[in-house]
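Shown below: model_8.txt, with compact mmCIF, C-alpha atoms and all ligand atoms.
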# COMPACT_ATOMS: atom_id res chain seq x y z
CA MET A 1 0.00 0.00 0.00
CA ILE A 2 1.18 3.55 -0.67
CA GLU A 3 0.34 5.99 2.12
CA PHE A 4 -0.29 9.57 0.94
CA SER A 5 -1.70 11.25 4.04
CA PHE A 6 -0.06 13.66 6.48
CA THR A 7 0.27 12.67 10.16
CA ALA A 8 -1.68 14.53 12.85
CA GLU A 9 1.60 16.21 13.88
CA GLN A 10 2.19 17.44 10.31
CA GLU A 11 -1.38 18.73 10.04
CA ALA A 12 -0.96 20.55 13.37
CA LEU A 13 2.27 22.09 12.10
CA ARG A 14 0.46 23.39 9.00
CA THR A 15 -2.42 24.83 11.06
CA GLY A 16 0.01 26.55 13.43
CA ILE A 17 2.12 28.02 10.64
CA ARG A 18 -0.92 29.22 8.71
CA ALA A 19 -2.31 31.03 11.77
CA PHE A 20 1.11 32.54 12.54
CA LEU A 21 1.62 33.81 8.98
CA GLU A 22 -1.87 35.29 8.78
CA LYS A 23 -1.27 37.21 11.99
CA GLU A 24 2.40 38.17 11.73
CA VAL A 25 3.37 38.21 8.05
CA LEU A 26 0.33 38.81 5.84
CA PRO A 27 -0.35 42.29 7.28
CA ILE A 28 3.20 43.53 6.51
CA VAL A 29 3.83 41.97 3.09
CA ALA A 30 2.79 44.97 0.98
CA GLU A 31 4.81 47.36 3.13
CA ILE A 32 7.96 45.22 2.94
CA ASP A 33 7.65 45.05 -0.82
CA GLU A 34 7.15 48.79 -1.14
CA SER A 35 9.89 49.85 1.28
CA GLU A 36 12.32 47.08 0.24
CA THR A 37 13.26 46.30 3.84
CA PHE A 38 14.31 43.09 5.54
CA PRO A 39 11.46 42.04 7.85
CA THR A 40 13.47 41.93 11.08
CA THR A 41 10.53 41.76 13.51
CA SER A 42 8.63 38.94 11.80
CA VAL A 43 11.88 37.02 11.20
CA ARG A 44 12.69 37.25 14.93
CA LYS A 45 9.20 35.97 15.75
CA MET A 46 9.58 33.10 13.29
CA GLN A 47 12.96 32.29 14.83
CA SER A 48 11.49 32.14 18.32
CA GLU A 49 8.69 29.83 17.09
CA GLY A 50 11.37 27.41 15.83
CA TYR A 51 10.53 27.96 12.15
CA PHE A 52 14.21 28.40 11.25
CA GLY A 53 14.95 24.84 12.40
CA VAL A 54 11.96 22.77 11.25
CA PRO A 55 13.88 19.84 9.65
CA ILE A 56 16.78 19.84 12.13
CA PRO A 57 16.73 17.01 14.71
CA GLU A 58 15.77 18.05 18.24
CA GLU A 59 19.21 17.07 19.56
CA TYR A 60 20.60 20.00 17.52
CA GLY A 61 17.96 22.51 18.61
CA GLY A 62 15.46 21.99 15.78
CA LEU A 63 11.81 20.91 15.71
CA GLY A 64 12.74 17.49 14.29
CA LEU A 65 9.96 17.50 11.68
CA GLY A 66 12.08 16.43 8.71
CA LYS A 67 11.91 17.52 5.09
CA VAL A 68 8.17 16.85 4.92
CA GLY A 69 7.61 19.26 7.81
CA TYR A 70 10.00 21.73 6.21
CA CYS A 71 8.11 21.57 2.90
CA ILE A 72 4.85 22.22 4.76
CA LEU A 73 6.47 25.39 6.12
CA LEU A 74 7.71 26.45 2.67
CA GLU A 75 4.36 25.69 1.04
CA GLU A 76 2.60 27.89 3.60
CA LEU A 77 5.23 30.62 3.18
CA GLY A 78 4.79 30.37 -0.60
CA ARG A 79 1.10 31.16 -0.15
CA VAL A 80 1.84 34.33 1.80
CA ASP A 81 5.23 35.86 0.98
CA ALA A 82 8.11 34.75 -1.21
CA SER A 83 10.63 37.02 0.60
CA HIS A 84 10.07 35.29 3.94
CA GLY A 85 10.24 31.93 2.11
CA THR A 86 13.58 32.87 0.56
CA ILE A 87 15.05 34.04 3.88
CA VAL A 88 14.05 30.76 5.57
CA GLY A 89 15.16 28.69 2.56
CA ALA A 90 18.64 30.22 2.26
CA HIS A 91 19.16 29.73 5.99
CA THR A 92 17.71 26.23 6.33
CA SER A 93 18.26 24.39 3.05
CA LEU A 94 21.54 25.99 2.12
CA GLY A 95 22.95 27.14 5.47
CA THR A 96 22.10 24.32 7.87
CA THR A 97 22.25 21.30 5.52
CA PRO A 98 26.06 21.43 5.10
CA LEU A 99 26.47 21.54 8.89
CA LEU A 100 23.90 18.83 9.62
CA TYR A 101 25.11 16.43 6.92
CA TYR A 102 28.85 17.08 6.96
CA GLY A 103 29.65 19.14 10.10
CA THR A 104 31.78 17.97 13.00
CA ALA A 105 30.31 17.68 16.52
CA ALA A 106 32.00 20.99 17.39
CA GLN A 107 30.57 22.71 14.28
CA LYS A 108 27.11 21.41 15.11
CA ARG A 109 27.41 22.86 18.62
CA ARG A 110 28.81 26.20 17.51
CA TRP A 111 26.75 26.93 14.38
CA LEU A 112 24.00 24.37 13.72
CA THR A 113 22.30 24.41 17.14
CA PRO A 114 22.07 28.22 17.42
CA ALA A 115 20.94 28.35 13.76
CA ALA A 116 18.16 25.82 14.40
CA ARG A 117 17.08 27.64 17.57
CA GLY A 118 16.87 30.89 15.63
CA GLU A 119 19.76 32.56 17.42
CA LYS A 120 21.99 32.78 14.34
CA LEU A 121 21.03 33.49 10.73
CA LEU A 122 22.96 31.66 7.99
CA ALA A 123 23.68 32.26 4.30
CA PHE A 124 25.25 30.19 1.52
CA SER A 125 27.73 31.59 -0.95
CA LEU A 126 28.67 29.80 -4.16
CA THR A 127 28.04 32.25 -7.03
CA GLU A 128 30.64 34.72 -8.33
CA SER A 129 30.54 37.27 -11.16
CA GLY A 130 32.27 34.84 -13.54
CA SER A 131 30.76 31.62 -12.23
CA GLY A 132 27.02 31.03 -11.99
CA SER A 133 25.75 27.90 -13.71
CA ASP A 134 29.37 26.87 -14.17
CA SER A 135 29.90 27.13 -10.43
CA GLY A 136 33.00 24.96 -10.55
CA SER A 137 34.86 27.77 -12.33
CA MET A 138 34.93 29.92 -9.18
CA ARG A 139 37.93 32.19 -8.49
CA LEU A 140 37.71 32.83 -4.74
CA THR A 141 40.72 31.05 -3.28
CA ALA A 142 41.46 29.53 0.11
CA GLU A 143 45.19 29.17 0.56
CA ARG A 144 46.45 26.93 3.34
CA VAL A 145 48.87 28.70 5.71
CA GLY A 146 49.79 26.52 8.71
CA ASP A 147 46.60 25.58 10.56
CA LYS A 148 44.57 28.26 8.79
CA PHE A 149 43.16 29.04 5.35
CA VAL A 150 43.26 32.53 3.86
CA LEU A 151 40.21 33.36 1.75
CA THR A 152 40.54 35.96 -0.99
CA GLY A 153 37.96 36.94 -3.57
CA THR A 154 34.43 38.23 -4.06
CA LYS A 155 31.08 36.42 -4.05
CA LEU A 156 27.85 37.65 -5.57
CA TYR A 157 24.08 37.45 -5.06
CA VAL A 158 24.15 36.02 -1.54
CA THR A 159 20.66 35.73 -0.04
CA ASN A 160 20.73 36.86 3.64
CA GLY A 161 24.27 38.06 2.92
CA ARG A 162 23.68 41.44 4.55
CA GLU A 163 22.16 40.02 7.75
CA ALA A 164 23.78 36.59 8.22
CA ASP A 165 25.82 35.81 11.34
CA ALA A 166 27.76 33.13 9.46
CA VAL A 167 28.11 32.09 5.83
CA ILE A 168 28.85 28.74 4.19
CA VAL A 169 31.42 29.72 1.57
CA MET A 170 32.71 27.60 -1.31
CA ALA A 171 36.35 28.33 -2.11
CA LEU A 172 39.05 26.99 -4.37
CA THR A 173 41.72 25.11 -2.42
CA ASP A 174 43.30 23.56 -5.51
CA PRO A 175 42.81 25.54 -8.74
CA ALA A 176 44.31 22.70 -10.81
CA LEU A 177 41.57 20.29 -9.71
CA GLY A 178 38.59 22.68 -9.89
CA PRO A 179 35.23 21.19 -8.82
CA ASN A 180 36.61 17.63 -8.86
CA GLY A 181 38.63 17.81 -5.66
CA GLY A 182 39.69 21.45 -5.66
CA VAL A 183 36.70 23.14 -3.96
CA THR A 184 36.25 23.25 -0.18
CA ALA A 185 33.33 24.42 1.98
CA PHE A 186 34.04 26.74 4.93
CA VAL A 187 31.87 28.27 7.61
CA VAL A 188 32.90 31.91 8.04
CA ASP A 189 31.73 34.19 10.86
CA ARG A 190 30.44 37.62 10.03
CA GLY A 191 32.94 39.47 12.23
CA SER A 192 36.04 37.85 10.72
CA PRO A 193 38.66 40.52 9.89
CA GLY A 194 38.77 41.21 6.13
CA PHE A 195 35.18 40.03 5.58
CA ARG A 196 32.68 42.67 4.51
CA VAL A 197 29.35 43.07 2.81
CA GLY A 198 29.56 44.93 -0.50
CA ARG A 199 26.78 46.02 -2.84
CA CYS A 200 23.19 44.93 -2.17
CA GLU A 201 21.17 44.43 -5.34
CA LYS A 202 17.95 46.21 -6.26
CA LYS A 203 15.66 43.52 -7.60
CA MET A 204 12.49 43.00 -9.62
CA GLY A 205 10.90 41.14 -6.69
CA LEU A 206 11.75 39.50 -3.35
CA HIS A 207 12.10 42.99 -1.92
CA GLY A 208 12.22 41.77 1.69
CA SER A 209 15.23 39.54 1.08
CA SER A 210 18.78 40.86 0.72
CA THR A 211 20.99 39.80 -2.20
CA ALA A 212 24.51 40.86 -1.32
CA GLU A 213 28.03 40.89 -2.60
CA LEU A 214 30.50 39.49 -0.06
CA ILE A 215 34.12 40.58 -0.09
CA PHE A 216 36.88 38.41 1.36
CA ASP A 217 40.09 40.36 1.72
CA HIS A 218 42.62 37.86 3.09
CA VAL A 219 40.14 36.46 5.62
CA GLU A 220 41.88 34.01 7.97
CA VAL A 221 39.72 30.98 8.73
CA PRO A 222 40.86 28.20 11.11
CA ALA A 223 41.12 24.71 9.59
CA GLU A 224 38.40 23.53 11.97
CA ASN A 225 35.94 25.69 9.96
CA VAL A 226 36.24 23.37 6.95
CA VAL A 227 32.82 21.73 6.45
CA GLY A 228 33.28 18.15 5.27
CA GLU A 229 36.63 17.23 3.74
CA VAL A 230 39.13 19.50 2.03
CA GLY A 231 38.47 19.19 -1.71
CA LYS A 232 34.93 17.81 -1.26
CA GLY A 233 33.13 21.14 -1.06
CA PHE A 234 31.33 20.73 -4.35
CA LEU A 235 29.58 17.66 -2.99
CA VAL A 236 28.59 19.63 0.13
CA ALA A 237 27.12 22.40 -2.05
CA MET A 238 25.22 20.00 -4.31
CA THR A 239 23.76 18.13 -1.31
CA ALA A 240 22.47 21.42 0.10
CA LEU A 241 21.03 22.36 -3.30
CA ASP A 242 19.16 19.04 -3.50
CA VAL A 243 17.36 20.01 -0.28
CA GLY A 244 16.86 23.57 -1.51
CA ARG A 245 15.36 22.55 -4.82
CA VAL A 246 12.66 20.43 -3.19
CA SER A 247 11.79 23.25 -0.79
CA LEU A 248 11.64 25.67 -3.73
CA GLY A 249 9.12 23.31 -5.30
CA ALA A 250 7.10 23.50 -2.07
CA ALA A 251 7.20 27.30 -2.16
CA SER A 252 6.06 27.18 -5.81
CA LEU A 253 3.17 24.92 -4.77
CA GLY A 254 2.04 27.51 -2.21
CA ALA A 255 2.37 30.26 -4.82
CA ILE A 256 0.16 28.32 -7.28
CA GLU A 257 -2.46 27.68 -4.59
CA SER A 258 -2.72 31.32 -3.54
CA ALA A 259 -2.73 32.60 -7.16
CA GLY A 260 -5.44 30.06 -8.00
CA GLU A 261 -7.55 31.00 -4.99
CA MET A 262 -7.23 34.72 -5.77
CA ALA A 263 -8.12 34.14 -9.42
CA LEU A 264 -11.11 31.93 -8.62
CA LYS A 265 -12.53 34.45 -6.14
CA PHE A 266 -12.02 37.34 -8.54
CA ALA A 267 -13.55 35.41 -11.46
CA GLN A 268 -16.65 34.58 -9.41
CA GLU A 269 -17.10 38.23 -8.37
CA ARG A 270 -16.21 40.12 -11.55
CA THR A 271 -19.11 40.49 -13.95
CA GLN A 272 -18.80 41.29 -17.65
CA PHE A 273 -21.39 40.84 -20.39
CA GLY A 274 -23.93 40.24 -17.63
CA HIS A 275 -22.17 37.17 -16.22
CA PRO A 276 -19.43 36.43 -13.67
CA ILE A 277 -16.33 35.88 -15.83
CA ALA A 278 -15.92 32.49 -14.06
CA GLU A 279 -18.79 31.29 -16.28
CA PHE A 280 -16.68 31.76 -19.44
CA GLU A 281 -14.94 28.58 -20.53
CA ALA A 282 -11.74 30.46 -21.43
CA ILE A 283 -11.43 31.50 -17.77
CA GLN A 284 -12.47 28.11 -16.40
CA PHE A 285 -9.74 26.35 -18.39
CA LYS A 286 -7.06 28.63 -16.96
CA LEU A 287 -8.31 27.81 -13.44
CA ALA A 288 -8.46 24.10 -14.26
CA ASP A 289 -4.82 24.13 -15.44
CA MET A 290 -3.75 25.77 -12.18
CA ALA A 291 -5.63 23.17 -10.13
CA MET A 292 -4.14 20.29 -12.14
CA HIS A 293 -0.60 21.60 -11.74
CA ALA A 294 -1.09 22.15 -8.00
CA HIS A 295 -2.40 18.60 -7.67
CA ALA A 296 0.55 17.08 -9.54
CA LEU A 297 3.15 19.24 -7.79
CA ARG A 298 1.82 18.33 -4.33
CA TYR A 299 2.69 14.68 -4.99
CA LEU A 300 6.07 15.49 -6.53
CA VAL A 301 7.13 17.73 -3.63
CA TYR A 302 6.09 15.46 -0.79
CA GLN A 303 7.38 12.29 -2.47
CA ALA A 304 10.80 13.92 -2.92
CA ALA A 305 10.74 15.27 0.66
CA ALA A 306 9.71 11.90 2.10
CA HIS A 307 12.48 10.20 0.11
CA GLN A 308 15.06 12.60 1.60
CA ASP A 309 13.69 11.90 5.08
CA GLN A 310 13.99 8.17 4.43
CA MET A 311 17.62 8.59 3.31
CA GLY A 312 18.54 10.41 6.54
CA HIS A 313 21.35 12.91 6.96
CA ASP A 314 24.45 10.74 6.92
CA PRO A 315 25.75 10.84 3.32
CA SER A 316 28.16 7.96 4.02
CA THR A 317 25.15 5.60 4.14
CA TRP A 318 23.83 6.57 0.70
CA GLY A 319 24.30 4.35 -2.33
CA ARG A 320 25.24 5.90 -5.68
CA LEU A 321 21.92 5.08 -7.33
CA GLU A 322 19.92 6.42 -4.41
CA ARG A 323 21.92 9.66 -4.49
CA GLN A 324 21.34 10.00 -8.24
CA GLN A 325 17.61 9.38 -7.80
CA LYS A 326 17.44 12.08 -5.09
CA THR A 327 19.20 14.58 -7.34
CA ARG A 328 16.91 13.83 -10.27
CA GLU A 329 13.82 14.20 -8.07
CA SER A 330 15.04 17.54 -6.69
CA ALA A 331 15.77 18.92 -10.17
CA THR A 332 12.37 17.76 -11.43
CA VAL A 333 10.47 19.30 -8.53
CA LYS A 334 12.32 22.63 -8.77
CA CYS A 335 12.04 22.93 -12.54
CA LEU A 336 8.40 21.93 -12.97
CA GLY A 337 7.31 23.71 -9.80
CA SER A 338 8.85 27.06 -10.74
CA GLU A 339 7.52 26.93 -14.31
CA TRP A 340 4.03 25.91 -13.24
CA ALA A 341 4.05 28.69 -10.63
CA SER A 342 5.11 31.33 -13.18
CA GLU A 343 2.42 30.08 -15.55
CA ALA A 344 -0.31 30.00 -12.90
CA ILE A 345 0.52 33.48 -11.64
CA ASP A 346 0.67 34.85 -15.19
CA GLU A 347 -2.80 33.41 -15.91
CA ALA A 348 -4.14 34.58 -12.55
CA LEU A 349 -2.91 38.08 -13.41
CA GLN A 350 -4.63 37.80 -16.80
CA ILE A 351 -7.90 36.86 -15.08
CA HIS A 352 -7.60 40.04 -12.98
CA GLY A 353 -7.46 42.10 -16.19
CA GLY A 354 -6.06 45.64 -15.82
CA LEU A 355 -6.26 45.38 -12.05
CA GLY A 356 -3.63 42.64 -12.13
CA TYR A 357 -1.14 45.10 -13.59
CA ILE A 358 -1.66 47.75 -10.91
CA ARG A 359 1.30 48.14 -8.58
CA GLY A 360 0.69 46.85 -5.06
CA THR A 361 -1.99 44.27 -5.83
CA PRO A 362 -1.10 40.83 -4.42
CA ILE A 363 -1.10 39.23 -7.86
CA GLU A 364 1.23 41.90 -9.29
CA ARG A 365 3.65 41.30 -6.42
CA ALA A 366 3.40 37.52 -6.84
CA TYR A 367 4.23 37.93 -10.55
CA ARG A 368 7.45 39.81 -9.76
CA ASP A 369 8.37 37.50 -6.87
CA ALA A 370 7.86 34.22 -8.73
CA ARG A 371 10.20 34.67 -11.69
CA ILE A 372 13.44 34.12 -9.77
CA ALA A 373 12.52 30.52 -8.92
CA GLU A 374 13.29 29.61 -12.55
CA ILE A 375 16.78 31.06 -12.09
CA PHE A 376 18.26 30.61 -8.62
CA GLU A 377 19.50 27.38 -7.00
CA GLY A 378 20.48 26.41 -10.55
CA THR A 379 18.61 27.71 -13.60
CA ASN A 380 15.95 25.48 -15.13
CA GLU A 381 18.27 24.86 -18.09
CA ILE A 382 20.69 23.37 -15.57
CA GLN A 383 17.90 21.30 -13.95
CA ARG A 384 17.10 19.83 -17.36
CA LEU A 385 20.79 19.15 -17.87
CA VAL A 386 20.88 17.30 -14.52
CA VAL A 387 17.88 15.15 -15.49
CA ALA A 388 19.24 14.54 -19.01
CA ARG A 389 22.67 13.47 -17.68
CA ASP A 390 20.99 11.05 -15.31
CA LEU A 391 18.93 9.68 -18.19
CA MET A 392 22.15 9.00 -20.12
CA THR A 393 23.52 6.85 -17.31
CA ARG A 394 20.47 5.32 -15.63
CA GLY A 395 17.91 5.60 -18.41
CA PHE A 396 14.29 6.51 -17.87
C1 LIG B 401 17.71 36.97 -6.00
C2 LIG B 401 18.87 36.03 -6.14
C3 LIG B 401 19.28 35.29 -5.03
C4 LIG B 401 20.37 34.43 -5.14
N1 LIG B 401 20.83 33.78 -4.01
C5 LIG B 401 22.00 33.08 -4.08
C6 LIG B 401 22.61 32.57 -2.88
O1 LIG B 401 22.07 32.69 -1.79
N2 LIG B 401 23.81 31.96 -3.00
C7 LIG B 401 24.44 31.80 -4.19
O2 LIG B 401 25.53 31.22 -4.22
N3 LIG B 401 23.88 32.25 -5.34
C8 LIG B 401 22.69 32.91 -5.31
N4 LIG B 401 22.12 33.42 -6.47
C9 LIG B 401 22.78 33.18 -7.75
C10 LIG B 401 22.00 32.24 -8.67
O3 LIG B 401 22.02 30.92 -8.18
C11 LIG B 401 22.61 32.37 -10.08
O4 LIG B 401 22.22 33.64 -10.56
C12 LIG B 401 22.15 31.27 -11.02
O5 LIG B 401 22.69 30.02 -10.64
C13 LIG B 401 22.53 31.55 -12.48
O6 LIG B 401 23.85 31.97 -12.61
P1 LIG B 401 24.18 33.28 -13.48
O7 LIG B 401 23.30 34.38 -12.99
O8 LIG B 401 25.64 33.50 -13.44
O9 LIG B 401 23.71 32.94 -14.95
P2 LIG B 401 24.60 32.17 -16.06
O10 LIG B 401 25.15 30.91 -15.49
O11 LIG B 401 25.55 33.12 -16.68
O12 LIG B 401 23.47 31.77 -17.10
C14 LIG B 401 22.96 32.65 -18.11
C15 LIG B 401 22.01 31.83 -18.99
O13 LIG B 401 22.74 30.79 -19.67
C16 LIG B 401 22.16 29.54 -19.40
N5 LIG B 401 23.19 28.49 -19.38
C17 LIG B 401 24.37 28.52 -18.74
N6 LIG B 401 25.03 27.36 -18.92
C18 LIG B 401 24.24 26.58 -19.68
C19 LIG B 401 24.36 25.27 -20.22
N7 LIG B 401 25.43 24.48 -19.98
N8 LIG B 401 23.34 24.78 -20.96
C20 LIG B 401 22.24 25.55 -21.21
N9 LIG B 401 22.08 26.80 -20.73
C21 LIG B 401 23.06 27.31 -19.97
C22 LIG B 401 21.47 29.71 -18.05
O14 LIG B 401 20.48 28.72 -17.85
C23 LIG B 401 20.92 31.12 -18.19
O15 LIG B 401 19.72 31.09 -18.90
C24 LIG B 401 21.03 34.27 -6.39
C25 LIG B 401 20.59 35.01 -7.50
C26 LIG B 401 19.55 35.90 -7.38
C27 LIG B 401 19.15 36.71 -8.58

Could you express the structure from this file as structure tokens?
Amino acid sequence: MIEFSFTAEQEALRTGIRAFLEKEVLPIVAEIDESETFPTTSVRKMQSEGYFGVPIPEEYGGLGLGKVGYCILLEELGRVDASHGTIVGAHTSLGTTPLLYYGTAAQKRRWLTPAARGEKLLAFSLTESGSGSDSGSMRLTAERVGDKFVLTGTKLYVTNGREADAVIVMALTDPALGPNGGVTAFVVDRGSPGFRVGRCEKKMGLHGSSTAELIFDHVEVPAENVVGEVGKGFLVAMTALDVGRVSLGAASLGAIESAGEMALKFAQERTQFGHPIAEFEAIQFKLADMAMHAHALRYLVYQAAAHQDQMGHDPSTWGRLERQQKTRESATVKCLGSEWASEAIDEALQIHGGLGYIRGTPIERAYRDARIAEIFEGTNEIQRLVVARDLMTRGF
């Protein structure tokens, strides 16, 4: 038998999150978008509720609700505000996963536990001006000097980069090897001498989330800050991205649901030619497509999340085929989810007519916020490449 239902604990989590977001986040979403400010107060409240540590085991300060619980959080955030979803996602998927899966006991005590409890905010820094999709071609170097590494270079587009207390940074420890043995993951504290935040980008959407340049000017990092093994940083980054891509799919699911609900309500209320526009088949078909995509995505997201929960967080126990399957599932969920969300929001905006194009309406904001999901955590071209490469080795 295949079991597709949520447990009572998971349902209670969803109810609690939904009530919290309606009270604490929904009322401030328009203002955050307009003023382009990081939502410090609501983030602090989310941190104290434990929402920055949902999938982290209780022994490390988290709620212990796994990837399924985490996707419930991201789905609910996706319904309300993409900026809050992005802040939580960068911290949890990309910041805590390297520490949970590859960190030493000391690293878990020093960074993971406070991060899960909401006392420290994390960021993840892979992208550089010359290396985006081709992330292995990074230039930021980490040179070994005695029992330290010296990091020199500049990173780009770091979510939470302006606010984070610590950043997971990918650096080149052996330029000759590149991504295959030459990249290492480090955890770097905000106050480290030589580390500073550079330019913060003005963006089309996600106005509540910072996207920062990080400058490393001969930053000395002790060897005990290496996350995982020296030379295995690319694997650390890709493992974190597998988690992130599933949670992005969950956020896309929430975005489709809220766009669909807004469009349905509007279509039932708006009258033209003497009828609610919801009676016109052209409108009904748009709504039907949204509902079908939401239905399909719900299964994709929670299957992939449940699979990651089943695999656990000790990479040394994973078989090669299982790892490949996980990566293919994550790429599929992220790619289809983000495209279906963009499509649903575009059609929901169309159903709103001219009103959908007016600045400050929820559907206009959703339209601007959604587009990035097709680009970050690996563009959708790269997700298709990941699936295609897997097809070439494992077949359909
Ligand atoms: C708001 C925002 C937040 C972000 N947050 C983070 C973060 O927290 N941490 C971080 O490290 N990065 C972050 N990024 C960076 C993001 O992940 C990259 O922008 C993304 O991976 C694409 O890289 P790029 O912009 O350099 O585009 P490029 O890699 O230059 O790609 C340009 C185009 O070429 C296509 N392309 C490239 N190679 C291929 C190929 N082999 N086959 C087919 N098409 C290809 C791409 O799909 C794309 O359409 C963020 C970016 C933004 C905008």

*Is there a way to get, as an NGL selection string, all residues within 8 Å of the point (15.7, 36.0, 4.0) in file coordinates, counting all atoms listed in the file?*
:A and (38 or 83-91 or 159-160 or 208-210)

Compile a residue-level contact table for chain A against ligand LIG 401 (chain B) at a cut-off of 9 Å, reporting for every qualifying residue the shortest atom pair and its distance in Å to one decimal, with all atoms listed in the file counted, rows ordered by chain and ascending number, as CSV.
residue,atom,partner,partner_atom,distance
A:Thr86,CA,B:LIG401,C3,8.3
A:Ala90,CA,B:LIG401,O1,5.9
A:His91,CA,B:LIG401,O1,8.8
A:Leu94,CA,B:LIG401,O1,7.8
A:Ala123,CA,B:LIG401,O1,6.3
A:Phe124,CA,B:LIG401,N2,5.1
A:Ser125,CA,B:LIG401,O2,4.0
A:Leu126,CA,B:LIG401,O2,3.4
A:Thr127,CA,B:LIG401,O2,3.9
A:Glu128,CA,B:LIG401,O8,7.3
A:Ser129,CA,B:LIG401,O8,6.6
A:Gly130,CA,B:LIG401,O8,6.8
A:Ser131,CA,B:LIG401,O8,5.6
A:Gly132,CA,B:LIG401,O8,3.2
A:Ser133,CA,B:LIG401,O10,3.5
A:Asp134,CA,B:LIG401,O10,6.0
A:Ser135,CA,B:LIG401,O5,7.8
A:Lys155,CA,B:LIG401,O2,7.6
A:Leu156,CA,B:LIG401,N3,6.7
A:Tyr157,CA,B:LIG401,C24,4.6
A:Val158,CA,B:LIG401,O1,3.9
A:Thr159,CA,B:LIG401,O1,3.8
A:Asn160,CA,B:LIG401,O1,7.0
A:Gly161,CA,B:LIG401,O1,7.5
A:Val169,CA,B:LIG401,O2,8.4
A:Met170,CA,B:LIG401,O2,8.6
A:Glu201,CA,B:LIG401,C1,8.2
A:Lys203,CA,B:LIG401,C1,7.0
A:Met204,CA,B:LIG401,C1,8.8
A:Gly205,CA,B:LIG401,C1,8.0
A:Leu206,CA,B:LIG401,C1,7.0
A:Ser209,CA,B:LIG401,C1,7.9
A:Ser210,CA,B:LIG401,C1,7.8
A:Thr211,CA,B:LIG401,C3,5.6
A:Ala212,CA,B:LIG401,N1,8.4
A:Ile372,CA,B:LIG401,C1,6.4
A:Ala373,CA,B:LIG401,C1,8.8
A:Glu374,CA,B:LIG401,O14,9.0
A:Ile375,CA,B:LIG401,C12,5.5
A:Phe376,CA,B:LIG401,O3,3.8
A:Glu377,CA,B:LIG401,O3,4.5
A:Gly378,CA,B:LIG401,O5,4.2
A:Thr379,CA,B:LIG401,O14,4.8
A:Asn380,CA,B:LIG401,O14,6.2
A:Glu381,CA,B:LIG401,O14,4.5
A:Ile382,CA,B:LIG401,O14,5.8
A:Gln383,CA,B:LIG401,O14,8.8
A:Arg384,CA,B:LIG401,C20,8.6
A:Leu385,CA,B:LIG401,N8,6.9

*Interatomic distance, atom CA of A:Gly146 to atom CA of A:Val187 (Å, one decimal)*: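 Pair atom CA of A:Gly146 / atom CA of A:Val187 returns 18.0 Å.
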
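Considering the residues A:Arg368, A:Arg389, A:His218, A:Lys265 and counting all atoms listed in the file, A:Thr327 has its shortest atom-to-atom contact with A:Arg389.
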
*Residue among A:Glu213, A:Asp189, A:Glu229, A:Glu34 lying closest to A:Arg110, counting all atoms listed in the file*: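 Checking each of A:Glu213, A:Asp189, A:Glu229, A:Glu34 against A:Arg110, counting all atoms listed in the file, the winner is A:Asp189.
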
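Nearest residue to A:Ala240 among A:Val387, A:Ala166, A:Leu177, A:Ala185 is A:Ala185, counting only C-alpha atoms.
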
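Taking atom CA of A:Leu74 and atom CA of A:Ser252 as endpoints, the distance between them is 8.7 Å.
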
_Residue with smallest distance to A:Lys326 - pool A:Gln284, A:Thr361, A:Ala164, A:Asp390, counting all atoms listed in the file_ = A:Asp390

*A:Leu349 environment, 9 Å, all atoms listed in the file, sequence neighbours closer than 3 positions dropped, as a VMD selection string*: chain A and resid 259 263 344 to 346 352 to 357 363 to 364 367

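Look at A:Leu264: the protein and nucleic acid residues within 9 Å of it, using all atoms listed in the file and passing over chain neighbours fewer than 5 places away, are Ala259, Glu269, Ala278, Gln284, Leu287, Ala348 and Ile351 of chain A.
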
So which residues touch A:Thr41 within 12 Å, counting all atoms listed in the file, skipping near sequence neighbours fewer than 5 positions away, as a short mmCIF file (atom, residue, chain, number, x, y, z; two decimals) with C-alpha atoms, in the coordinates of the input?
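The new file selection_17.cif reads:
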data_model
loop_
_atom_site.label_atom_id
_atom_site.label_comp_id
_atom_site.auth_asym_id
_atom_site.auth_seq_id
_atom_site.Cartn_x
_atom_site.Cartn_y
_atom_site.Cartn_z
CA GLU A 24 2.40 38.17 11.73
CA VAL A 25 3.37 38.21 8.05
CA ILE A 28 3.20 43.53 6.51
CA ILE A 32 7.96 45.22 2.94
CA MET A 46 9.58 33.10 13.29
CA GLN A 47 12.96 32.29 14.83
CA SER A 48 11.49 32.14 18.32
CA HIS A 84 10.07 35.29 3.94
CA GLY A 208 12.22 41.77 1.69
#

*Interatomic distance between atom CA of A:Phe52 and atom CA of A:Glu322?*
27.6 Å

*Around the point (16.6, 14.3, -10.2) in the file's coordinates, collect all residues with an atom within 12 Å, using only C-alpha atoms, and return them as a PyMOL selection string.*
chain A and resi 238+241-243+245-246+300+304+307+321-336+382-391+394+396
